[in-house]
$ cat entry.txt   # compact mmCIF, C-alpha atoms
# COMPACT_ATOMS: atom_id res chain seq x y z
CA MET A 16 -121.80 144.49 -57.15
CA ASN A 17 -120.11 141.15 -56.44
CA ASN A 18 -117.76 141.25 -59.37
CA ILE A 19 -117.11 144.98 -59.50
CA PRO A 20 -113.75 145.68 -57.85
CA MET A 21 -113.34 148.46 -55.33
CA GLU A 22 -110.64 150.13 -57.44
CA ALA A 23 -113.18 150.84 -60.17
CA CYS A 24 -115.34 152.94 -57.84
CA LEU A 25 -112.27 154.65 -56.41
CA ALA A 26 -110.94 155.37 -59.91
CA ILE A 27 -114.22 157.04 -60.85
CA SER A 28 -114.22 159.23 -57.75
CA THR A 29 -110.52 160.10 -58.26
CA LEU A 30 -111.23 161.20 -61.82
CA MET A 31 -114.15 163.32 -60.59
CA PHE A 32 -112.05 164.89 -57.85
CA PHE A 33 -109.19 165.90 -60.11
CA ALA A 34 -111.55 167.20 -62.78
CA GLY A 35 -112.82 169.42 -59.96
CA VAL A 36 -109.26 170.45 -59.07
CA TYR A 37 -108.54 171.37 -62.69
CA GLY A 38 -111.74 173.41 -62.94
CA PHE A 39 -111.11 175.12 -59.62
CA LEU A 40 -107.67 176.28 -60.75
CA SER A 41 -108.41 177.10 -64.38
CA ARG A 42 -111.73 178.99 -64.42
CA LYS A 43 -112.25 182.67 -63.69
CA ASN A 44 -116.01 182.73 -63.30
CA MET A 45 -117.06 182.33 -59.66
CA ILE A 46 -119.99 180.08 -60.47
CA MET A 47 -117.67 177.79 -62.43
CA VAL A 48 -115.35 177.65 -59.42
CA LEU A 49 -118.37 176.67 -57.32
CA VAL A 50 -119.35 173.95 -59.83
CA SER A 51 -115.83 172.52 -59.55
CA LEU A 52 -116.11 172.64 -55.75
CA GLU A 53 -119.34 170.63 -55.95
CA LEU A 54 -117.56 168.05 -58.10
CA MET A 55 -114.84 167.67 -55.47
CA LEU A 56 -117.33 167.37 -52.58
CA ASN A 57 -119.32 164.81 -54.52
CA ALA A 58 -116.20 162.73 -55.16
CA VAL A 59 -115.37 162.79 -51.44
CA ASP A 60 -118.91 161.62 -50.56
CA LEU A 61 -118.63 158.80 -53.09
CA ASN A 62 -115.30 157.79 -51.53
CA PHE A 63 -116.80 157.63 -48.03
CA VAL A 64 -119.69 155.49 -49.23
CA VAL A 65 -117.51 153.11 -51.23
CA PHE A 66 -115.06 152.57 -48.37
CA ASN A 67 -117.93 151.96 -45.96
CA ARG A 68 -119.70 149.52 -48.27
CA TYR A 69 -116.67 147.44 -49.18
CA LEU A 70 -114.66 147.43 -45.96
CA TYR A 71 -117.30 147.61 -43.19
CA PRO A 72 -120.53 146.37 -44.78
CA GLY A 73 -122.43 145.97 -41.50
CA GLN A 74 -121.95 149.53 -40.29
CA MET A 75 -123.22 152.89 -41.47
CA GLU A 76 -120.51 155.41 -40.52
CA GLY A 77 -119.52 156.32 -44.05
CA MET A 78 -123.12 156.62 -45.14
CA PHE A 79 -123.89 159.09 -42.36
CA PHE A 80 -120.73 161.02 -43.06
CA ALA A 81 -121.81 161.32 -46.71
CA LEU A 82 -125.27 162.41 -45.57
CA PHE A 83 -123.88 165.17 -43.37
CA GLY A 84 -121.44 166.09 -46.13
CA ILE A 85 -124.34 166.60 -48.52
CA ALA A 86 -126.05 168.88 -45.97
CA ILE A 87 -122.86 170.91 -45.45
CA ALA A 88 -122.40 171.21 -49.22
CA ALA A 89 -125.93 172.55 -49.57
CA ALA A 90 -125.38 175.17 -46.85
CA GLU A 91 -122.03 176.21 -48.30
CA THR A 92 -123.46 176.56 -51.80
CA ALA A 93 -126.34 178.72 -50.56
CA ILE A 94 -123.97 181.08 -48.74
CA ALA A 95 -121.54 181.22 -51.67
CA ILE A 96 -124.30 182.05 -54.14
CA ALA A 97 -125.59 184.78 -51.83
CA ILE A 98 -122.09 186.28 -51.77
CA ILE A 99 -121.78 185.98 -55.57
CA ILE A 100 -125.11 187.74 -56.14
CA ASN A 101 -124.04 190.49 -53.74
CA ILE A 102 -120.75 190.92 -55.62
CA TYR A 103 -122.65 191.06 -58.91
CA ARG A 104 -124.92 193.75 -57.50
CA ASN A 105 -121.91 195.84 -56.48
CA VAL A 106 -119.39 195.47 -59.31
CA LYS A 107 -121.57 194.00 -62.11
CA ARG A 108 -119.26 191.12 -62.91
CA ILE A 109 -118.34 187.91 -61.18
CA TYR A 110 -114.87 187.21 -62.51
CA ILE A 111 -112.07 186.60 -60.07
CA ASP A 112 -110.14 189.79 -60.81
CA GLU A 113 -108.54 192.63 -58.97
CA ASN A 114 -111.82 194.54 -58.66
CA ILE A 115 -113.10 192.11 -56.05
CA THR A 116 -110.83 193.82 -53.50
CA GLU A 117 -113.05 196.91 -53.73
CA LEU A 118 -115.65 195.08 -51.64
CA LYS A 119 -113.61 195.54 -48.45
CA HIS A 120 -115.08 197.85 -45.87
CA MET B 6 -123.34 140.84 -65.41
CA GLY B 7 -126.17 143.35 -65.58
CA GLU B 8 -124.73 145.25 -62.64
CA GLN B 9 -121.37 145.44 -64.39
CA ILE B 10 -122.97 146.91 -67.52
CA VAL B 11 -124.89 149.47 -65.45
CA PHE B 12 -121.73 150.34 -63.53
CA LEU B 13 -119.76 150.81 -66.75
CA ILE B 14 -122.44 153.11 -68.15
CA LEU B 15 -122.57 155.17 -64.92
CA GLY B 16 -118.78 155.38 -64.77
CA ALA B 17 -118.58 156.54 -68.39
CA ILE B 18 -121.23 159.19 -67.71
CA ILE B 19 -119.39 160.42 -64.61
CA ALA B 20 -115.99 160.52 -66.29
CA GLY B 21 -117.14 162.21 -69.47
CA CYS B 22 -119.55 164.69 -67.92
CA SER B 23 -117.21 165.77 -65.11
CA ILE B 24 -114.46 166.55 -67.61
CA LEU B 25 -116.93 168.33 -69.91
CA ALA B 26 -118.32 170.31 -66.97
CA VAL B 27 -114.94 171.91 -66.24
CA THR B 28 -113.88 172.48 -69.85
CA THR B 29 -117.03 173.71 -71.59
CA GLN B 30 -117.40 177.35 -72.61
CA LYS B 31 -121.07 178.02 -71.85
CA ILE B 32 -121.76 178.17 -68.14
CA ILE B 33 -125.30 176.80 -68.27
CA ARG B 34 -123.95 173.71 -70.07
CA ALA B 35 -121.45 173.23 -67.26
CA ALA B 36 -124.34 173.26 -64.77
CA THR B 37 -126.20 170.67 -66.87
CA PHE B 38 -123.16 168.40 -67.03
CA LEU B 39 -122.83 168.75 -63.26
CA LEU B 40 -126.45 167.62 -62.96
CA PHE B 41 -125.66 164.49 -65.00
CA VAL B 42 -122.67 163.75 -62.77
CA LEU B 43 -124.81 164.07 -59.63
CA LEU B 44 -127.54 161.81 -61.01
CA ALA B 45 -125.01 159.16 -62.05
CA THR B 46 -123.53 159.32 -58.54
CA ALA B 47 -127.00 158.66 -57.15
CA GLY B 48 -127.14 155.65 -59.47
CA ILE B 49 -123.88 154.33 -58.01
CA TYR B 50 -125.30 154.76 -54.49
CA LEU B 51 -128.29 152.66 -55.60
CA LEU B 52 -125.93 149.98 -56.94
CA LEU B 53 -124.18 149.94 -53.57
CA ASP B 54 -127.56 149.28 -51.80
CA TYR B 55 -127.78 152.67 -50.07
CA HIS B 56 -131.26 153.61 -51.24
CA PHE B 57 -131.86 156.40 -48.72
CA LEU B 58 -128.57 158.09 -49.62
CA ALA B 59 -129.44 157.95 -53.32
CA MET B 60 -132.77 159.62 -52.65
CA VAL B 61 -131.09 162.32 -50.53
CA GLN B 62 -128.54 162.86 -53.28
CA ILE B 63 -131.28 163.34 -55.88
CA ALA B 64 -133.45 165.55 -53.64
CA VAL B 65 -130.75 167.79 -52.15
CA TYR B 66 -128.02 167.86 -54.78
CA ALA B 67 -129.82 167.34 -58.08
CA GLY B 68 -132.90 169.19 -56.86
CA GLY B 69 -131.95 171.97 -54.46
CA ILE B 70 -128.38 172.83 -55.32
CA MET B 71 -128.97 172.69 -59.07
CA VAL B 72 -131.93 175.08 -58.75
CA LEU B 73 -129.67 177.44 -56.78
CA PHE B 74 -126.98 177.21 -59.46
CA ILE B 75 -129.38 177.85 -62.33
CA PHE B 76 -130.91 180.81 -60.49
CA ALA B 77 -127.46 182.28 -59.89
CA ILE B 78 -126.41 181.73 -63.51
CA LEU B 79 -129.56 183.35 -64.86
CA LEU B 80 -129.20 186.28 -62.45
CA THR B 81 -125.55 187.02 -63.11
CA ASN B 82 -124.83 186.15 -66.76
CA GLN B 83 -125.65 187.73 -70.05
CA PRO B 84 -127.16 184.97 -72.22
CA GLY B 85 -125.03 183.46 -74.93
CA VAL B 86 -121.74 184.97 -73.78
CA ASN B 87 -118.83 182.59 -73.41
CA VAL B 88 -117.12 182.68 -70.05
CA LYS B 89 -113.46 183.57 -69.77
CA PHE B 90 -110.75 181.15 -68.75
CA GLU B 91 -107.57 181.90 -66.84
CA LYS B 92 -104.37 182.90 -68.60
CA PRO B 93 -102.86 180.05 -70.68
CA TRP B 94 -99.86 179.43 -68.45
CA ARG B 95 -102.14 179.22 -65.42
CA MET B 96 -104.36 176.71 -67.24
CA PHE B 97 -101.25 174.71 -68.05
CA LEU B 98 -100.22 174.77 -64.39
CA ALA B 99 -103.73 173.72 -63.34
CA ALA B 100 -103.71 170.82 -65.80
CA LEU B 101 -100.25 169.83 -64.57
CA ALA B 102 -101.39 169.87 -60.92
CA ALA B 103 -104.55 167.87 -61.67
CA LEU B 104 -102.71 165.33 -63.83
CA SER B 105 -99.93 164.79 -61.30
CA GLY B 106 -102.47 164.31 -58.52
CA LEU B 107 -104.43 161.90 -60.69
CA VAL B 108 -101.29 159.88 -61.45
CA ILE B 109 -100.20 159.73 -57.80
CA CYS B 110 -103.65 158.73 -56.52
CA GLY B 111 -104.14 156.26 -59.36
CA HIS B 112 -100.82 154.62 -58.54
CA ILE B 113 -101.75 154.36 -54.86
CA ILE B 114 -105.21 152.96 -55.61
CA PHE B 115 -103.96 150.48 -58.19
CA TYR B 116 -101.13 149.06 -56.12
CA ASN B 117 -102.43 149.27 -52.56
CA VAL B 118 -106.18 148.90 -52.47
CA THR B 119 -106.54 145.44 -53.97
CA LYS B 120 -105.04 143.77 -50.92
CA ILE B 121 -107.84 144.78 -48.58
CA PHE B 122 -110.78 144.25 -50.88
CA LYS B 123 -113.62 142.01 -49.81
CA TYR B 124 -117.29 142.25 -50.60
CA ALA B 125 -120.20 141.07 -48.48
CA GLU B 126 -123.90 141.20 -49.15
CA ILE B 127 -125.91 143.29 -46.70
CA ASP B 128 -129.57 143.28 -45.83
CA TYR B 129 -131.85 146.04 -46.93
CA ILE B 130 -131.23 149.01 -44.61
CA SER B 131 -134.67 149.98 -43.39
CA MET B 132 -135.77 153.54 -42.78
CA GLN B 133 -136.32 152.68 -39.12
CA THR B 134 -132.67 151.70 -38.70
CA ILE B 135 -131.50 154.95 -40.27
CA GLY B 136 -133.90 156.99 -38.16
CA THR B 137 -132.89 155.44 -34.84
CA ALA B 138 -129.21 155.72 -35.77
CA MET B 139 -129.65 159.38 -36.60
CA MET B 140 -131.69 160.27 -33.52
CA GLY B 141 -130.04 158.23 -30.76
CA THR B 142 -127.25 159.03 -28.35
CA ASP B 143 -125.70 155.56 -27.94
CA GLN B 144 -122.64 154.26 -29.71
CA HIS B 145 -122.95 154.40 -33.53
CA GLN B 146 -125.78 156.89 -33.23
CA TYR B 147 -125.60 160.44 -34.45
CA LEU B 148 -127.75 162.91 -32.55
CA LEU B 149 -124.89 165.34 -31.89
CA PRO B 150 -123.74 165.72 -35.53
CA PHE B 151 -127.39 165.98 -36.54
CA GLU B 152 -127.94 168.89 -34.17
CA ALA B 153 -124.68 170.50 -35.28
CA ILE B 154 -125.84 170.30 -38.90
CA SER B 155 -129.20 171.82 -37.99
CA LEU B 156 -127.41 174.69 -36.23
CA LEU B 157 -125.19 175.15 -39.29
CA LEU B 158 -128.25 175.30 -41.54
CA LEU B 159 -129.85 177.91 -39.27
CA ALA B 160 -126.68 180.00 -39.37
CA CYS B 161 -126.60 179.55 -43.15
CA ILE B 162 -130.19 180.79 -43.51
CA ILE B 163 -129.52 183.87 -41.38
CA GLY B 164 -126.22 184.54 -43.13
CA GLY B 165 -127.76 184.18 -46.58
CA ILE B 166 -130.50 186.68 -45.73
CA MET B 167 -128.01 189.10 -44.17
CA ILE B 168 -125.64 188.95 -47.14
CA ALA B 169 -128.13 189.08 -49.98
CA ARG B 170 -130.61 191.65 -48.67
CA LYS B 171 -130.85 195.11 -50.15
CA ARG B 172 -129.23 197.87 -48.11

$ encode --input "entry.txt" --output "structure tokens"
Amino acid sequence: MNNIPMEACLAISTLMFFAGVYGFLSRKNMIMVLVSLELMLNAVDLNFVVFNRYLYPGQMEGMFFALFGIAIAAAETAIAIAIIINIYRNVKRIYIDENITELKH
Amino acid sequence: MGEQIVFLILGAIIAGCSILAVTTQKIIRAATFLLFVLLATAGIYLLLDYHFLAMVQIAVYAGGIMVLFIFAILLTNQPGVNVKFEKPWRMFLAALAALSGLVICGHIIFYNVTKIFKYAEIDYISMQTIGTAMMGTDQHQYLLPFEAISLLLLACIIGGIMIARKR
């Protein structure tokens, strides 16, 4: 990695993040929204690791932050998919529409 | 030179597949493109000498989360049906927001980051170092976040069961 500049890694993660932003705002299917969210979280993890590796090579803060970020992303995805399956069981579709408000108790 | 070629290939995979994942019509294809993005990210972690993180990325993200996604897709979608997008003006607004953010961040990265760049070789980070750093309570050790994450995972398990059970 000696002759790979830091901006290249950051450019890749920026592209991934804003692809996630575009998908988050432009899709109606809940699972697609979740896929976009995973893209954004992954870009943030990559940013942490790249900053840690290039700026503070002897320490491991960014690596552990990325590790905990991966764990939080896994927990969040599990909960979100449980909610999505519950919505599907109730209203038989998982599009972000007006009928989602019927789930309120 | 070899590292540069590998990095270029991984970067091209990430760029192409992340854009395809948010623009494709079939939802299972989007999940597959997301899998490619996650695996290429693990490859970049390997290039940056964080072997443990690459393995965690493959095991948790590309293994666990992708299985969850594919289960959810197969449970909630009729096969072969294209998914709907938002209304056209909302898609235009989304593209505008993403492009403006990309331009702003690209400008910042291109003009500001080069001044602080330096690269140093590091030794191989052994598993013992990672384990003591994760389980200790001294400075630069992470027992408290580790326990917080374990509590979060417990709450997530209970919440997932409570939400998804049959009433």

$ interface_residues --input "entry.txt" --of "chain B" --to "chain A" --cutoff "7 Å" --atoms "all atoms listed in the file" --output "ChimeraX atom specification"
/B:8-9,16,20,23-24,27,52-53,58,70,77,81,88-91,95-96,99-100,103,107,111,114-115,118,122-125,127,158,161,164-165,168-169

$ write_last_selection --input "entry.txt" --atoms "C-alpha atoms" --output "mmCIF file, keeping the file's coordinate frame"
data_model
loop_
_atom_site.group_PDB
_atom_site.id
_atom_site.type_symbol
_atom_site.label_atom_id
_atom_site.label_comp_id
_atom_site.auth_asym_id
_atom_site.auth_seq_id
_atom_site.Cartn_x
_atom_site.Cartn_y
_atom_site.Cartn_z
ATOM 1 C CA GLU B 8 -124.730 145.250 -62.640
ATOM 2 C CA GLN B 9 -121.370 145.440 -64.390
ATOM 3 C CA GLY B 16 -118.780 155.380 -64.770
ATOM 4 C CA ALA B 20 -115.990 160.520 -66.290
ATOM 5 C CA SER B 23 -117.210 165.770 -65.110
ATOM 6 C CA ILE B 24 -114.460 166.550 -67.610
ATOM 7 C CA VAL B 27 -114.940 171.910 -66.240
ATOM 8 C CA LEU B 52 -125.930 149.980 -56.940
ATOM 9 C CA LEU B 53 -124.180 149.940 -53.570
ATOM 10 C CA LEU B 58 -128.570 158.090 -49.620
ATOM 11 C CA ILE B 70 -128.380 172.830 -55.320
ATOM 12 C CA ALA B 77 -127.460 182.280 -59.890
ATOM 13 C CA THR B 81 -125.550 187.020 -63.110
ATOM 14 C CA VAL B 88 -117.120 182.680 -70.050
ATOM 15 C CA LYS B 89 -113.460 183.570 -69.770
ATOM 16 C CA PHE B 90 -110.750 181.150 -68.750
ATOM 17 C CA GLU B 91 -107.570 181.900 -66.840
ATOM 18 C CA ARG B 95 -102.140 179.220 -65.420
ATOM 19 C CA MET B 96 -104.360 176.710 -67.240
ATOM 20 C CA ALA B 99 -103.730 173.720 -63.340
ATOM 21 C CA ALA B 100 -103.710 170.820 -65.800
ATOM 22 C CA ALA B 103 -104.550 167.870 -61.670
ATOM 23 C CA LEU B 107 -104.430 161.900 -60.690
ATOM 24 C CA GLY B 111 -104.140 156.260 -59.360
ATOM 25 C CA ILE B 114 -105.210 152.960 -55.610
ATOM 26 C CA PHE B 115 -103.960 150.480 -58.190
ATOM 27 C CA VAL B 118 -106.180 148.900 -52.470
ATOM 28 C CA PHE B 122 -110.780 144.250 -50.880
ATOM 29 C CA LYS B 123 -113.620 142.010 -49.810
ATOM 30 C CA TYR B 124 -117.290 142.250 -50.600
ATOM 31 C CA ALA B 125 -120.200 141.070 -48.480
ATOM 32 C CA ILE B 127 -125.910 143.290 -46.700
ATOM 33 C CA LEU B 158 -128.250 175.300 -41.540
ATOM 34 C CA CYS B 161 -126.600 179.550 -43.150
ATOM 35 C CA GLY B 164 -126.220 184.540 -43.130
ATOM 36 C CA GLY B 165 -127.760 184.180 -46.580
ATOM 37 C CA ILE B 168 -125.640 188.950 -47.140
ATOM 38 C CA ALA B 169 -128.130 189.080 -49.980
#

$ atom_distance --input "entry.txt" --atom1 "CA of Phe41 (chain B)" --atom2 "CA of Gly106 (chain B)"
24.1 Å

$ atom_distance --input "entry.txt" --atom1 "CA of Ala67 (chain B)" --atom2 "CA of Leu44 (chain B)"
6.7 Å

$ atom_distance --input "entry.txt" --atom1 "CA of Met6 (chain B)" --atom2 "CA of Ala59 (chain B)"
21.8 Å

$ residues_around --input "entry.txt" --residues "Leu149 (chain B)" --least-positions-apart "5" --cutoff "9 Å" --atoms "only C-alpha atoms" --output "list of chain:residue names"
B:Met139, B:Met140, B:Gly141, B:Thr142, B:Ile154

$ build_atoms --input "entry.txt" --residues "region 127-163 of chain B" --atoms "N, CA and C atoms" --output "compact mmCIF listing (two decimals), keeping the file's coordinate frame"
# COMPACT_ATOMS: atom_id res chain seq x y z
N ILE B 127 -125.26 142.80 -47.91
CA ILE B 127 -125.91 143.29 -46.70
C ILE B 127 -127.41 143.22 -46.91
N ASP B 128 -128.11 143.23 -45.76
CA ASP B 128 -129.57 143.28 -45.83
C ASP B 128 -130.01 144.67 -46.27
N TYR B 129 -131.27 144.75 -46.60
CA TYR B 129 -131.85 146.04 -46.93
C TYR B 129 -131.86 146.91 -45.68
N ILE B 130 -131.26 148.11 -45.76
CA ILE B 130 -131.23 149.01 -44.61
C ILE B 130 -132.58 149.72 -44.53
N SER B 131 -133.33 149.41 -43.46
CA SER B 131 -134.67 149.98 -43.39
C SER B 131 -134.60 151.42 -42.92
N MET B 132 -135.68 152.14 -43.19
CA MET B 132 -135.77 153.54 -42.78
C MET B 132 -135.75 153.67 -41.27
N GLN B 133 -136.30 152.65 -40.59
CA GLN B 133 -136.32 152.68 -39.12
C GLN B 133 -134.90 152.63 -38.55
N THR B 134 -134.06 151.78 -39.15
CA THR B 134 -132.67 151.70 -38.70
C THR B 134 -131.96 153.04 -38.87
N ILE B 135 -132.16 153.66 -40.02
CA ILE B 135 -131.50 154.95 -40.27
C ILE B 135 -132.02 156.00 -39.30
N GLY B 136 -133.33 155.99 -39.05
CA GLY B 136 -133.90 156.99 -38.16
C GLY B 136 -133.41 156.85 -36.74
N THR B 137 -133.38 155.61 -36.22
CA THR B 137 -132.89 155.44 -34.84
C THR B 137 -131.40 155.73 -34.75
N ALA B 138 -130.64 155.41 -35.82
CA ALA B 138 -129.21 155.72 -35.77
C ALA B 138 -128.99 157.22 -35.81
N MET B 139 -129.86 157.94 -36.49
CA MET B 139 -129.65 159.38 -36.60
C MET B 139 -130.12 160.11 -35.34
N MET B 140 -131.08 159.55 -34.62
CA MET B 140 -131.69 160.27 -33.52
C MET B 140 -131.29 159.74 -32.14
N GLY B 141 -130.39 158.78 -32.06
CA GLY B 141 -130.04 158.23 -30.76
C GLY B 141 -128.75 158.82 -30.24
N THR B 142 -128.48 158.53 -28.95
CA THR B 142 -127.25 159.03 -28.35
C THR B 142 -126.30 157.92 -27.95
N ASP B 143 -126.59 156.67 -28.29
CA ASP B 143 -125.70 155.56 -27.94
C ASP B 143 -124.51 155.53 -28.90
N GLN B 144 -123.73 154.45 -28.77
CA GLN B 144 -122.64 154.26 -29.71
C GLN B 144 -123.20 154.00 -31.11
N HIS B 145 -122.51 154.48 -32.12
CA HIS B 145 -122.95 154.40 -33.53
C HIS B 145 -124.29 155.08 -33.76
N GLN B 146 -124.59 156.09 -32.98
CA GLN B 146 -125.78 156.89 -33.23
C GLN B 146 -125.39 158.36 -33.26
N TYR B 147 -126.13 159.16 -33.97
CA TYR B 147 -125.60 160.44 -34.45
C TYR B 147 -126.46 161.62 -34.11
N LEU B 148 -126.92 161.76 -32.88
CA LEU B 148 -127.75 162.91 -32.55
C LEU B 148 -126.92 164.19 -32.55
N LEU B 149 -125.69 164.12 -32.02
CA LEU B 149 -124.89 165.34 -31.89
C LEU B 149 -124.50 165.93 -33.25
N PRO B 150 -123.99 165.13 -34.21
CA PRO B 150 -123.74 165.72 -35.53
C PRO B 150 -125.00 166.23 -36.20
N PHE B 151 -126.12 165.54 -35.96
CA PHE B 151 -127.39 165.98 -36.54
C PHE B 151 -127.76 167.37 -36.05
N GLU B 152 -127.61 167.57 -34.72
CA GLU B 152 -127.94 168.89 -34.17
C GLU B 152 -126.94 169.94 -34.64
N ALA B 153 -125.68 169.55 -34.78
CA ALA B 153 -124.68 170.50 -35.28
C ALA B 153 -125.02 170.93 -36.70
N ILE B 154 -125.47 169.97 -37.52
CA ILE B 154 -125.84 170.30 -38.90
C ILE B 154 -127.06 171.22 -38.91
N SER B 155 -128.01 170.96 -37.99
CA SER B 155 -129.20 171.82 -37.99
C SER B 155 -128.83 173.25 -37.57
N LEU B 156 -127.88 173.35 -36.62
CA LEU B 156 -127.41 174.69 -36.23
C LEU B 156 -126.70 175.38 -37.39
N LEU B 157 -125.89 174.59 -38.13
CA LEU B 157 -125.19 175.15 -39.29
C LEU B 157 -126.18 175.64 -40.33
N LEU B 158 -127.25 174.88 -40.55
CA LEU B 158 -128.25 175.30 -41.54
C LEU B 158 -128.96 176.57 -41.10
N LEU B 159 -129.22 176.68 -39.78
CA LEU B 159 -129.85 177.91 -39.27
C LEU B 159 -128.93 179.11 -39.49
N ALA B 160 -127.64 178.93 -39.15
CA ALA B 160 -126.68 180.00 -39.37
C ALA B 160 -126.58 180.35 -40.84
N CYS B 161 -126.68 179.33 -41.71
CA CYS B 161 -126.60 179.55 -43.15
C CYS B 161 -127.80 180.35 -43.65
N ILE B 162 -129.00 180.05 -43.11
CA ILE B 162 -130.19 180.79 -43.51
C ILE B 162 -130.05 182.27 -43.13
N ILE B 163 -129.65 182.49 -41.85
CA ILE B 163 -129.52 183.87 -41.38
C ILE B 163 -128.43 184.60 -42.17
